[in-house]
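Asks: Okay, so here is model-v3.txt, and as you'll see once you scroll down, it has compact mmCIF, C-alpha atoms.
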```txt
# COMPACT_ATOMS: atom_id res chain seq x y z
CA MET A 121 -11.26 -15.52 -24.98
CA THR A 122 -14.38 -16.15 -22.94
CA VAL A 123 -14.97 -13.74 -20.06
CA GLN A 124 -15.46 -15.96 -17.03
CA LEU A 125 -16.07 -13.46 -14.24
CA GLN A 126 -16.88 -9.76 -14.24
CA ALA A 127 -17.16 -7.33 -11.36
CA GLN A 128 -19.07 -4.19 -12.27
CA HIS A 129 -18.79 -1.02 -10.17
CA LEU A 130 -18.63 -2.80 -6.80
CA GLN A 131 -19.17 -0.80 -3.66
CA PHE A 132 -19.06 -2.14 -0.12
CA ALA A 133 -18.91 -0.68 3.40
CA TYR A 134 -18.80 -2.31 6.82
CA LEU A 135 -19.81 1.01 8.39
CA PRO A 136 -22.11 3.66 6.89
CA GLU A 137 -20.36 6.22 4.68
CA ARG A 138 -16.99 4.45 5.02
CA ASN A 139 -16.52 2.55 1.78
CA VAL A 140 -14.05 -0.31 1.80
CA LEU A 141 -14.62 -0.80 -1.94
CA ASP A 142 -15.50 2.12 -4.18
CA ASP A 143 -16.48 1.58 -7.84
CA VAL A 144 -14.27 -1.48 -8.41
CA SER A 145 -14.57 -3.18 -11.79
CA LEU A 146 -12.53 -6.06 -13.26
CA GLU A 147 -12.85 -9.13 -15.43
CA ILE A 148 -10.99 -12.38 -15.89
CA ASN A 149 -10.94 -14.78 -18.80
CA ALA A 150 -10.64 -18.55 -18.63
CA GLY A 151 -7.05 -19.58 -17.94
CA GLU A 152 -5.93 -16.11 -16.85
CA THR A 153 -4.21 -15.11 -13.62
CA LEU A 154 -5.09 -11.73 -12.14
CA TYR A 155 -3.06 -10.29 -9.25
CA ILE A 156 -4.54 -7.74 -6.83
CA LEU A 157 -1.91 -5.61 -5.10
CA GLY A 158 -2.32 -2.97 -2.42
CA ARG A 159 -1.33 -2.05 1.10
CA ASN A 160 -2.89 -3.59 4.19
CA GLY A 161 -6.44 -2.29 4.52
CA SER A 162 -6.77 -1.38 0.84
CA GLY A 163 -9.75 -3.74 0.38
CA LYS A 164 -8.13 -6.83 -1.19
CA THR A 165 -9.71 -9.43 1.13
CA THR A 166 -13.10 -7.70 0.99
CA LEU A 167 -12.95 -7.71 -2.80
CA LEU A 168 -12.22 -11.45 -2.86
CA SER A 169 -15.14 -12.05 -0.49
CA CYS A 170 -17.46 -10.19 -2.87
CA LEU A 171 -16.13 -12.14 -5.85
CA ALA A 172 -16.71 -15.41 -3.98
CA GLY A 173 -20.28 -14.47 -3.06
CA LEU A 174 -19.54 -14.51 0.69
CA ILE A 175 -20.67 -10.92 1.10
CA THR A 176 -23.10 -8.87 -0.99
CA PRO A 177 -21.91 -5.55 -2.39
CA ALA A 178 -23.95 -2.45 -1.57
CA ALA A 179 -23.85 -1.51 -5.25
CA GLY A 180 -22.72 -3.16 -8.46
CA GLN A 181 -22.74 -6.85 -9.26
CA VAL A 182 -20.55 -9.85 -9.96
CA LEU A 183 -21.29 -11.87 -13.09
CA LEU A 184 -20.13 -15.48 -13.44
CA ASP A 185 -20.41 -16.88 -16.96
CA GLY A 186 -22.75 -13.98 -17.71
CA GLN A 187 -25.11 -14.62 -14.78
CA ASP A 188 -25.42 -12.85 -11.46
CA LEU A 189 -23.17 -14.72 -9.05
CA LEU A 190 -25.81 -14.64 -6.33
CA SER A 191 -28.31 -16.43 -8.59
CA PHE A 192 -26.32 -19.64 -8.17
CA GLY A 193 -27.03 -21.87 -5.21
CA PRO A 194 -24.19 -22.34 -2.68
CA ALA A 195 -23.16 -25.81 -3.92
CA GLU A 196 -23.30 -24.83 -7.60
CA ARG A 197 -21.34 -21.64 -6.89
CA ALA A 198 -18.72 -23.64 -4.97
CA ARG A 199 -18.26 -25.96 -7.95
CA LYS A 200 -17.40 -22.92 -10.04
CA VAL A 201 -15.53 -20.59 -7.62
CA GLY A 202 -13.27 -21.47 -4.71
CA LEU A 203 -11.72 -19.20 -2.07
CA ILE A 204 -8.48 -20.01 -0.28
CA PRO A 205 -8.19 -17.76 2.82
CA GLN A 206 -4.96 -16.49 4.34
CA MET A 207 -5.21 -18.75 7.40
CA HIS A 208 -7.90 -20.84 9.07
CA THR A 209 -8.14 -22.39 12.54
CA PRO A 210 -10.78 -25.14 12.68
CA ALA A 211 -12.85 -25.77 15.79
CA PHE A 212 -11.88 -29.45 15.81
CA SER A 213 -8.60 -31.32 15.29
CA TYR A 214 -9.27 -32.53 11.77
CA THR A 215 -6.55 -34.48 10.02
CA VAL A 216 -4.81 -33.03 7.01
CA ASN A 217 -6.68 -35.51 4.81
CA GLU A 218 -10.03 -34.46 6.30
CA MET A 219 -9.25 -30.76 5.79
CA VAL A 220 -8.46 -31.32 2.12
CA MET A 221 -11.49 -33.58 1.69
CA MET A 222 -13.67 -30.60 2.64
CA GLY A 223 -12.91 -29.30 -0.84
CA ARG A 224 -15.06 -32.12 -2.20
CA ALA A 225 -18.14 -31.02 -0.20
CA PRO A 226 -19.85 -29.27 -3.17
CA TYR A 227 -19.95 -32.62 -4.99
CA LEU A 228 -21.41 -34.70 -2.15
CA GLY A 229 -25.11 -35.03 -1.49
CA TRP A 230 -26.65 -34.21 1.88
CA LEU A 231 -25.03 -36.61 4.38
CA GLY A 232 -23.11 -38.16 1.46
CA SER A 233 -19.78 -39.91 1.98
CA PRO A 234 -16.64 -39.38 -0.09
CA SER A 235 -16.09 -41.94 -2.82
CA ARG A 236 -12.88 -43.53 -4.00
CA ASP A 237 -12.78 -40.96 -6.77
CA ASP A 238 -13.01 -38.18 -4.19
CA GLN A 239 -10.14 -39.70 -2.21
CA ALA A 240 -8.07 -40.03 -5.37
CA ILE A 241 -8.56 -36.31 -6.08
CA VAL A 242 -7.53 -35.48 -2.49
CA ASP A 243 -4.47 -37.73 -2.75
CA GLU A 244 -3.46 -35.98 -5.97
CA ALA A 245 -3.77 -32.55 -4.34
CA LEU A 246 -1.77 -33.69 -1.29
CA ALA A 247 0.96 -35.11 -3.52
CA GLN A 248 1.17 -31.94 -5.60
CA LEU A 249 1.79 -29.89 -2.46
CA GLY A 250 4.20 -32.38 -0.85
CA LEU A 251 1.74 -33.15 1.95
CA PHE A 252 0.95 -36.81 1.33
CA GLU A 253 3.14 -38.01 4.20
CA LEU A 254 1.29 -35.63 6.55
CA ARG A 255 -2.21 -36.76 5.56
CA ASN A 256 -2.96 -38.43 8.92
CA ARG A 257 -1.48 -35.66 11.07
CA PRO A 258 -3.82 -33.29 12.95
CA TYR A 259 -4.05 -30.04 11.04
CA THR A 260 -3.60 -28.08 14.28
CA GLU A 261 -0.23 -29.74 14.97
CA ILE A 262 1.57 -28.85 11.75
CA SER A 263 3.44 -25.61 11.10
CA GLY A 264 1.80 -22.41 9.89
CA GLY A 265 3.39 -22.79 6.47
CA GLU A 266 2.19 -26.38 6.20
CA GLN A 267 -1.31 -25.29 7.21
CA GLN A 268 -1.29 -22.79 4.35
CA LEU A 269 -0.30 -25.55 1.94
CA VAL A 270 -3.20 -27.66 3.24
CA LEU A 271 -5.67 -24.84 2.49
CA ILE A 272 -4.28 -24.56 -1.03
CA ALA A 273 -4.57 -28.34 -1.47
CA ARG A 274 -8.20 -28.08 -0.34
CA GLY A 275 -8.79 -25.46 -3.02
CA LEU A 276 -7.22 -27.68 -5.67
CA ALA A 277 -9.38 -30.61 -4.56
CA GLN A 278 -12.47 -28.44 -5.08
CA LYS A 279 -11.89 -28.73 -8.86
CA CYS A 280 -13.61 -25.43 -9.59
CA GLN A 281 -13.15 -23.18 -12.61
CA LEU A 282 -11.85 -20.15 -10.73
CA LEU A 283 -9.73 -20.06 -7.58
CA LEU A 284 -9.51 -16.92 -5.44
CA MET A 285 -6.36 -16.95 -3.31
CA ASP A 286 -5.83 -14.49 -0.46
CA GLU A 287 -2.06 -14.00 -0.06
CA PRO A 288 -1.33 -17.71 -0.67
CA THR A 289 2.44 -17.41 -0.21
CA ALA A 290 2.40 -15.17 2.87
CA HIS A 291 3.54 -17.86 5.34
CA LEU A 292 5.65 -19.98 3.01
CA ASP A 293 9.40 -20.31 2.60
CA LEU A 294 11.00 -19.48 -0.73
CA SER A 295 10.91 -23.08 -1.98
CA ASN A 296 7.21 -23.56 -1.24
CA GLN A 297 6.37 -20.14 -2.67
CA HIS A 298 7.99 -21.21 -5.93
CA ARG A 299 6.17 -24.55 -5.85
CA ILE A 300 2.76 -22.93 -5.37
CA LEU A 301 3.26 -20.34 -8.08
CA GLU A 302 4.48 -22.94 -10.56
CA ILE A 303 1.43 -25.08 -9.83
CA VAL A 304 -0.77 -22.03 -10.41
CA SER A 305 1.00 -21.40 -13.73
CA GLN A 306 0.63 -25.02 -14.88
CA LEU A 307 -3.05 -25.17 -13.91
CA GLY A 308 -3.60 -21.91 -15.76
CA ASP A 309 -2.25 -23.59 -18.88
CA ARG A 310 -5.02 -26.19 -18.41
CA GLY A 311 -7.74 -23.52 -18.28
CA LEU A 312 -8.10 -22.88 -14.54
CA SER A 313 -8.32 -19.17 -13.65
CA PHE A 314 -6.86 -17.45 -10.59
CA ILE A 315 -7.42 -14.16 -8.80
CA ILE A 316 -4.63 -13.72 -6.25
CA SER A 317 -4.25 -11.00 -3.64
CA SER A 318 -0.61 -10.42 -2.86
CA HIS A 319 2.00 -8.12 -1.38
CA SER A 320 4.60 -9.24 -3.93
CA PRO A 321 4.94 -7.15 -7.10
CA ASN A 322 7.72 -9.52 -8.14
CA ASN A 323 5.37 -12.52 -8.14
CA ALA A 324 2.91 -10.46 -10.17
CA LEU A 325 5.65 -9.60 -12.66
CA ALA A 326 6.52 -13.26 -13.08
CA TYR A 327 3.08 -14.89 -13.07
CA ALA A 328 0.26 -12.40 -13.69
CA ASP A 329 -1.56 -11.87 -16.97
CA ARG A 330 -3.15 -8.76 -15.52
CA VAL A 331 -2.69 -6.69 -12.36
CA LEU A 332 -5.13 -4.54 -10.41
CA LEU A 333 -3.76 -1.95 -7.98
CA LEU A 334 -6.03 -1.00 -5.05
CA GLU A 335 -5.62 2.04 -2.85
CA GLY A 336 -8.23 2.94 -0.27
CA GLY A 337 -10.74 0.64 -1.95
CA LYS A 338 -10.34 2.32 -5.34
CA VAL A 339 -8.69 0.98 -8.48
CA THR A 340 -5.65 3.10 -9.31
CA ALA A 341 -4.38 0.95 -12.18
CA TYR A 342 -5.59 -2.12 -14.10
CA GLY A 343 -3.83 -3.80 -16.99
CA SER A 344 -0.77 -5.81 -17.92
CA PRO A 345 2.15 -6.06 -15.45
CA GLU A 346 4.19 -3.77 -17.70
CA GLU A 347 1.45 -1.12 -17.63
CA THR A 348 0.68 -1.26 -13.93
CA LEU A 349 3.89 -2.17 -12.12
CA THR A 350 5.69 1.10 -12.76
CA GLU A 351 7.82 3.02 -10.29
CA PRO A 352 5.41 5.98 -9.84
CA LYS A 353 2.34 3.76 -9.40
CA LEU A 354 3.97 1.35 -6.95
CA SER A 355 5.59 4.18 -5.00
CA ALA A 356 2.22 5.89 -4.67
CA ILE A 357 0.20 2.90 -3.44
CA TYR A 358 2.83 1.59 -1.03
CA GLY A 359 4.17 4.92 0.18
CA ILE A 360 7.79 3.99 -0.44
CA ARG A 361 10.16 4.71 -3.25
CA THR A 362 10.42 1.74 -5.59
CA GLU A 363 12.67 0.91 -8.53
CA VAL A 364 11.81 -1.43 -11.39
CA ILE A 365 14.82 -3.35 -12.70
CA THR A 366 14.65 -4.05 -16.45
CA ASN A 367 16.66 -6.08 -18.93
CA GLY A 368 18.35 -4.70 -22.01
CA ASP A 369 15.06 -4.69 -23.91
CA GLY A 370 13.28 -2.71 -21.22
CA LYS A 371 11.27 -5.70 -19.97
CA PRO A 372 10.68 -5.39 -16.19
CA LEU A 373 12.39 -8.14 -14.23
CA ALA A 374 12.09 -7.18 -10.55
CA VAL A 375 10.81 -4.51 -8.19
CA VAL A 376 13.04 -3.35 -5.35
CA THR A 377 12.35 -0.80 -2.65
CA GLN A 378 14.58 2.14 -1.98
CA ARG A 379 15.22 3.40 1.51
CA PRO A 380 15.03 7.15 2.11
CA ILE A 381 18.37 8.50 0.96
CA ALA A 382 20.85 10.02 3.40
CA LEU A 383 21.59 13.60 2.38
CA GLU A 384 23.77 15.48 4.81
CA PRO A 385 23.06 19.22 4.70
CA LYS A 386 26.79 19.95 4.73
CA SER A 387 27.09 18.27 1.32
CA LEU A 388 25.50 21.40 -0.16
CA ARG A 389 29.03 22.82 -0.07
CA ASP A 390 29.97 20.38 -2.86
CA PRO A 391 28.18 21.28 -6.12
CA HIS A 392 28.82 17.76 -7.43
CA SER A 393 27.15 16.03 -4.46
CA PRO A 394 23.59 14.68 -4.77
CA LEU A 395 22.30 17.64 -2.75
CA GLY A 396 24.31 20.06 -4.87
CA GLN A 397 22.87 18.47 -8.00
CA ILE A 398 19.33 18.89 -6.65
CA PHE A 399 19.90 22.63 -6.38
CA ALA A 400 21.49 22.65 -9.84
CA ARG A 401 18.47 20.88 -11.37
CA SER A 402 16.13 23.37 -9.71
CA LYS A 403 17.20 25.96 -12.29
CA ALA A 404 15.28 23.94 -14.89
CA GLU A 405 12.41 22.45 -12.84
CA PRO A 406 11.17 22.44 -9.21
CA GLN A 407 12.78 19.92 -6.85
CA LEU A 408 10.76 18.65 -3.87
CA ILE A 409 12.55 17.07 -0.90
CA LEU A 410 10.38 15.26 1.66
CA VAL A 411 12.27 15.16 4.94
CA THR A 412 10.87 12.19 6.83
CA GLY A 413 11.35 10.09 9.93
CA LEU A 414 9.83 9.34 13.30
CA SER A 415 9.11 12.03 15.85
CA GLY A 416 12.27 13.29 17.54
CA VAL A 417 14.83 12.04 15.00
CA GLY A 418 15.87 15.58 14.08
CA LYS A 419 13.86 16.59 11.00
CA THR A 420 13.61 20.23 12.08
CA THR A 421 17.33 20.23 12.96
CA TRP A 422 18.09 18.84 9.47
CA CYS A 423 16.15 21.72 7.93
CA THR A 424 17.82 24.26 10.22
CA GLN A 425 21.26 23.09 9.13
CA LEU A 426 20.27 23.24 5.47
CA ILE A 427 18.91 26.77 5.93
CA GLY A 428 22.16 27.97 7.46
CA LEU A 429 24.32 26.40 4.75
CA ALA A 430 22.08 27.78 2.00
CA ARG A 431 22.38 31.28 3.42
CA ASP A 432 26.14 30.89 3.75
CA ALA A 433 26.18 30.02 0.04
CA GLY A 434 24.30 33.24 -0.79
CA LEU A 435 21.00 31.50 -1.53
CA LYS A 436 17.64 33.12 -0.74
CA VAL A 437 15.51 31.20 1.79
CA ASN A 438 11.87 31.59 2.73
CA GLY A 439 9.10 29.56 4.29
CA LEU A 440 8.38 28.38 7.82
CA LEU A 441 10.32 26.54 10.50
CA SER A 442 8.48 25.00 13.46
CA PRO A 443 10.83 24.48 16.40
CA SER A 444 9.55 22.83 19.55
CA ILE A 445 8.93 24.64 22.83
CA PHE A 446 10.22 22.80 25.89
CA GLU A 447 9.59 23.25 29.60
CA ASP A 448 11.59 21.19 32.10
CA GLY A 449 12.71 18.92 29.28
CA ARG A 450 9.15 18.27 28.11
CA LYS A 451 7.77 19.36 24.75
CA VAL A 452 4.78 21.56 25.52
CA GLY A 453 4.31 23.62 22.37
CA ILE A 454 5.27 24.40 18.79
CA GLU A 455 6.50 27.73 17.48
CA VAL A 456 6.35 28.91 13.87
CA VAL A 457 9.06 31.19 12.44
CA ASP A 458 8.98 33.22 9.23
CA LEU A 459 12.37 32.46 7.67
CA HIS A 460 12.39 35.73 5.72
CA SER A 461 11.56 38.24 8.45
CA GLY A 462 12.39 36.27 11.58
CA ASP A 463 8.95 37.00 13.05
CA HIS A 464 7.46 34.16 15.06
CA ARG A 465 4.28 33.03 16.80
CA GLN A 466 3.30 30.20 19.11
CA LEU A 467 1.44 27.89 16.80
CA ALA A 468 0.30 25.08 19.10
CA ARG A 469 0.15 23.88 22.70
CA LEU A 470 -0.56 20.55 24.29
CA ARG A 471 -4.24 19.72 24.27
CA GLU A 472 -6.03 19.91 27.56
CA GLU A 473 -9.61 18.97 28.36
CA GLY A 474 -12.09 20.58 26.03
CA SER A 475 -11.58 21.26 22.38
CA ALA A 476 -10.07 23.88 20.11
CA ALA A 477 -11.29 24.98 16.71
CA LEU A 478 -8.19 23.41 15.15
CA GLN A 479 -6.65 20.37 16.81
CA THR A 480 -5.08 16.95 16.52
CA PRO A 481 -5.14 14.25 19.23
CA ARG A 482 -2.07 15.83 20.85
CA TRP A 483 -2.04 19.52 19.89
CA ALA A 484 -4.43 22.46 20.01
CA PHE A 485 -3.58 25.06 17.35
CA ASP A 486 -3.92 28.82 17.55
CA SER A 487 -6.15 29.80 14.62
CA GLU A 488 -4.72 33.32 14.38
CA ALA A 489 -1.15 32.01 14.30
CA MET A 490 -2.14 29.49 11.61
CA ASP A 491 -3.73 32.26 9.53
CA TRP A 492 -0.52 34.28 9.88
CA ALA A 493 1.60 31.30 8.83
CA ASN A 494 -0.56 30.76 5.75
CA GLN A 495 -0.23 34.44 4.88
CA VAL A 496 3.58 34.14 5.13
CA LEU A 497 3.54 31.23 2.67
CA THR A 498 1.12 32.98 0.32
CA GLU A 499 3.13 36.23 0.22
CA SER A 500 6.59 34.65 0.12
CA GLY A 501 8.45 35.78 -2.97
CA ALA A 502 10.87 33.92 -5.19
CA SER A 503 13.67 32.13 -3.38
CA ASP A 504 16.21 29.36 -3.93
CA LEU A 505 14.96 27.30 -0.98
CA THR A 506 11.46 27.08 0.49
CA VAL A 507 11.05 25.27 3.81
CA ILE A 508 7.72 24.05 5.19
CA ASP A 509 8.00 22.46 8.61
CA GLU A 510 5.69 20.50 8.73
CA LEU A 511 2.67 19.13 6.85
CA GLY A 512 0.63 16.62 8.84
CA PRO A 513 -2.81 15.07 9.35
CA LEU A 514 -4.54 18.45 9.37
CA GLU A 515 -3.39 19.18 5.84
CA PHE A 516 -3.70 15.70 4.33
CA PHE A 517 -6.92 14.50 5.96
CA GLN A 518 -8.87 17.59 7.02
CA ASN A 519 -7.84 20.15 4.40
CA GLU A 520 -6.95 22.55 7.20
CA GLY A 521 -3.72 23.83 8.68
CA LEU A 522 -1.00 25.03 6.30
CA THR A 523 -3.22 24.87 3.24
CA ALA A 524 -1.16 27.60 1.53
CA GLY A 525 1.84 25.26 1.73
CA MET A 526 -0.11 22.45 0.06
CA ALA A 527 -1.23 24.84 -2.69
CA LYS A 528 2.34 26.07 -3.26
CA LEU A 529 3.61 22.50 -3.65
CA ASP A 530 0.72 21.47 -5.90
CA ALA A 531 1.42 24.45 -8.17
CA GLY A 532 5.19 23.84 -8.27
CA ASP A 533 5.69 27.39 -7.01
CA TYR A 534 9.24 26.87 -5.73
CA LYS A 535 12.77 26.01 -6.87
CA VAL A 536 13.84 23.66 -4.07
CA ALA A 537 11.31 22.87 -1.35
CA ALA A 538 12.29 20.98 1.81
CA VAL A 539 9.10 19.77 3.46
CA VAL A 540 8.91 17.87 6.74
CA ILE A 541 6.58 14.84 6.55
CA ARG A 542 6.21 12.14 9.18
CA SER A 543 6.80 8.60 7.92
CA ALA A 544 3.17 7.53 8.35
CA LEU A 545 2.05 10.16 5.81
CA LEU A 546 4.47 9.21 3.03
CA PRO A 547 1.81 7.23 1.11
CA GLN A 548 -0.43 10.31 0.94
CA ALA A 549 2.51 12.58 0.08
CA LEU A 550 3.82 10.33 -2.70
CA SER A 551 0.35 9.92 -4.13
CA ARG A 552 0.13 13.71 -4.37
CA TRP A 553 3.74 14.38 -5.42
CA PRO A 554 5.08 11.14 -6.97
CA ASN A 555 8.39 12.67 -8.12
CA ALA A 556 9.44 13.85 -4.67
CA ILE A 557 12.87 12.94 -3.28
CA ILE A 558 12.58 11.09 0.05
CA VAL A 559 15.29 11.99 2.55
CA ASN A 560 16.09 10.48 5.93
CA GLY A 561 15.58 13.39 8.32
CA SER A 562 17.96 12.17 11.02
CA ALA A 563 20.01 15.21 11.90
CA LYS A 564 23.72 15.13 11.11
CA THR A 565 26.06 17.17 13.25
CA LEU A 566 28.05 19.71 11.31
CA PRO A 567 31.82 19.70 11.82
```
Please rewrite the model in this file as structure tokens.

Replies:
Amino acid sequence: MTVQLQAQHLQFAYLPERNVLDDVSLEINAGETLYILGRNGSGKTTLLSCLAGLITPAAGQVLLDGQDLLSFGPAERARKVGLIPQMHTPAFSYTVNEMVMMGRAPYLGWLGSPSRDDQAIVDEALAQLGLFELRNRPYTEISGGEQQLVLIARGLAQKCQLLLMDEPTAHLDLSNQHRILEIVSQLGDRGLSFIISSHSPNNALAYADRVLLLEGGKVTAYGSPEETLTEPKLSAIYGIRTEVITNGDGKPLAVVTQRPIALEPKSLRDPHSPLGQIFARSKAEPQLILVTGLSGVGKTTWCTQLIGLARDAGLKVNGLLSPSIFEDGRKVGIEVVDLHSGDHRQLARLREEGSAALQTPRWAFDSEAMDWANQVLTESGASDLTVIDELGPLEFFQNEGLTAGMAKLDAGDYKVAAVVIRSALLPQALSRWPNAIIVNGSAKTLP
């Protein structure tokens, strides 16, 4: 097959030293459909803008039919590549017909008027999208979903070789989503190529020839849907546990998300319970439990209950617990407790004016207490349960804080580890430890 478009080692930044795209490469052949998946802010829209020639990468290049994309004039480029944005609000109240007719602009001379052939192409695009009856309506007076269909019709009227579509089904109901994707599939059979940014792995499974996964502006996977849309890869880029449903032949059919599981600490008393089985499996390989949830839901309480039940069962426990310090009902500090010796220190206090050597927007940390906590984790011996309460922005983004805890988890130096992680950090945690078990940290009251 003929390579139609290539992106080679693209790099782009809106601000110095903050890359939105970092060494992104891809290619698409005539008649192929490529899906780009990633979380909000991963660089999908920026990548499409580079591929359309709307912005110039700081490094790398885009080749169209073997030539530098930027060597084409705007009109010639628009006859080859079209971009359908997520949404668009025009400055004037154009009719639906006028909005779609804008797709014919690359074929009109300066101050040229649309011909009958141009109108016939627009009518065909309107009919394909079920918009013909709305052609005389002001674009600004139709629904958001209908506006999205109009933008797609405008792209079809452009009659280019390659259409870039930025989340084309984001505002559409299920019926119109199906209609758009079937049109894309049928046009692909006629040789038109598509690069589609999306938040739907299921659409990619059904319609993509190839899939590119973006995380933080970097390509984490690129290949067929079967190669890229796997549970570990999807869980890592989206920060949630996913499950890929397959048929009897192992062909992936659908991707579903899994909520954090509810494990009550008291279920440890039952060796056949899911929690009991986690401890049983730890005899063969380490088991990592990420205890997650919003602030105040009871993650530390969940760990405290598990610690007590583990000790009652004769299991050895080590690690750190970080209970809150309250004054007059207000949280003013954080303590850290060595679960083996019972020794404790005040680890953090509310930030006041000025700065500390180690701090987050809310807390100022005691460096000596942090050093002591790291020493506890480093010197902790073998145990059945290791608790680390908690790992946060310091550890994941600044490589500071409980770095000994991060090293212990990376090395698999534990049997069962229960680690407190706030929900916002799950993407980073799953990227680092993709086989972790995600647990809802809402505390359950023991009987």

Asks: Give me the residues near Gly434 of chain A as a list of chain:residue names, where near means some atom within 10 Å (using all atoms listed in the file) and where sequence neighbours in that chain fewer than 4 positions away do not count.

Replies: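 The filter keeps A:Leu429, A:Ala430, A:Asp504.
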
Asks: Rank A:Ala556, A:Leu254, A:Leu168, A:Val216 by their smallest atom-to-atom distance to Met285 of chain A, using only C-alpha atoms, and report the top residue only.

Replies: A:Leu168

Asks: Counting all atoms listed in the file, figure out which residue out of A:Gln407, A:Gln128, A:Ser444, A:Thr362 gets nearest to Val456 of chain A.

Replies: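 Counting all atoms listed in the file, the residue closest to Val456 of chain A is A:Ser444.
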
Asks: I'd like the contact shell of Ser442 of chain A - 8 Å cut-off, only C-alpha atoms, skipping same-chain residues fewer than 6 positions apart - returned as a list in words.

Replies: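 Here the qualifying residues turn out to be Thr420, Ile454, Glu455, Val456, Val457, Asp509 and Glu510 of chain A.
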
Asks: So what do you get for atom CA of Leu130 of chain A versus atom CA of Asn322 of chain A, distance-wise?

Replies: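 Taking atom CA of Leu130 of chain A and atom CA of Asn322 of chain A, their separation equals 27.2 Å.
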
Asks: Give me the residues near segment 144-160 of chain A as a PyMOL selection string, where near means some atom within 9 Å (using all atoms listed in the file) and where sequence neighbours in that chain fewer than 3 positions away do not count.

Replies: chain A and resi 121-131+141+163-164+167+180+281-282+304-305+307-321+323-324+327-339+342+354+357-359

Asks: Once you count all atoms listed in the file, which residues end up no further than 9 Å from (9.2, 15.5, 14.6) in the file's frame, shown as a ChimeraX atom specification?

Replies: /A:412-420,444,510,540-542

Asks: I'd like the interatomic distance between atom CA of Ala477 of chain A and atom CA of Trp492 of chain A, to a tenth of an Å.

Replies: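 About the pair atom CA of Ala477 of chain A and atom CA of Trp492 of chain A: they are 15.8 Å apart.
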
Asks: Which residue, A:Ala195, A:Phe132, A:Phe399, A:Val539, has the smallest gap to Thr176 of chain A when you use all atoms listed in the file?

Replies: A:Phe132

Asks: Please report the interatomic distance between atom CA of Asp491 of chain A and atom CA of Lys451 of chain A in Å with one decimal.

Replies: 23.0 Å

Asks: Taking all atoms listed in the file into account, which of A:Lys371, A:Gly453, A:Glu196, A:Leu383 comes nearest Ala538 of chain A?

Replies: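 For Ala538 of chain A, the nearest of the candidates is A:Leu383.
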
Asks: Smallest atom-to-atom distance to Asp458 of chain A: which of A:Glu499, A:Glu363, A:Glu520, A:Glu137, using only C-alpha atoms?

Replies: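 Answer, going by the shortest atom-to-atom distance: A:Glu499.
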
Asks: Contacts of Gln248 of chain A at 12 Å or less, counting only C-alpha atoms, minus same-chain residues fewer than 5 places along, as a list in words?

Replies: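 So, after excluding close chain neighbours, the residues are Ile241, Val242, Asp243, Glu253, Leu269, Val270, Ile272, Ala273, Arg274, Leu276, Ala277, Asn296, Arg299, Ile300, Glu302, Ile303, Val304, Gln306 and Leu307 of chain A.
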
Asks: Nearest to Ile427 of chain A: which of A:Phe212, A:Phe516, A:Leu505, A:Asp369 is it, counting all atoms listed in the file?

Replies: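 Distance minimum relative to Ile427 of chain A lands on A:Leu505.
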
Asks: Residues at most 12 Å from Ser500 of chain A, counting only C-alpha atoms, excluding those fewer than 6 positions away in the same chain, as JSON, numbers by chain?

Replies: {"A": [436, 437, 438, 439, 440, 458, 459, 460, 461, 493, 494, 506, 507, 508, 524, 525, 528, 533, 534]}
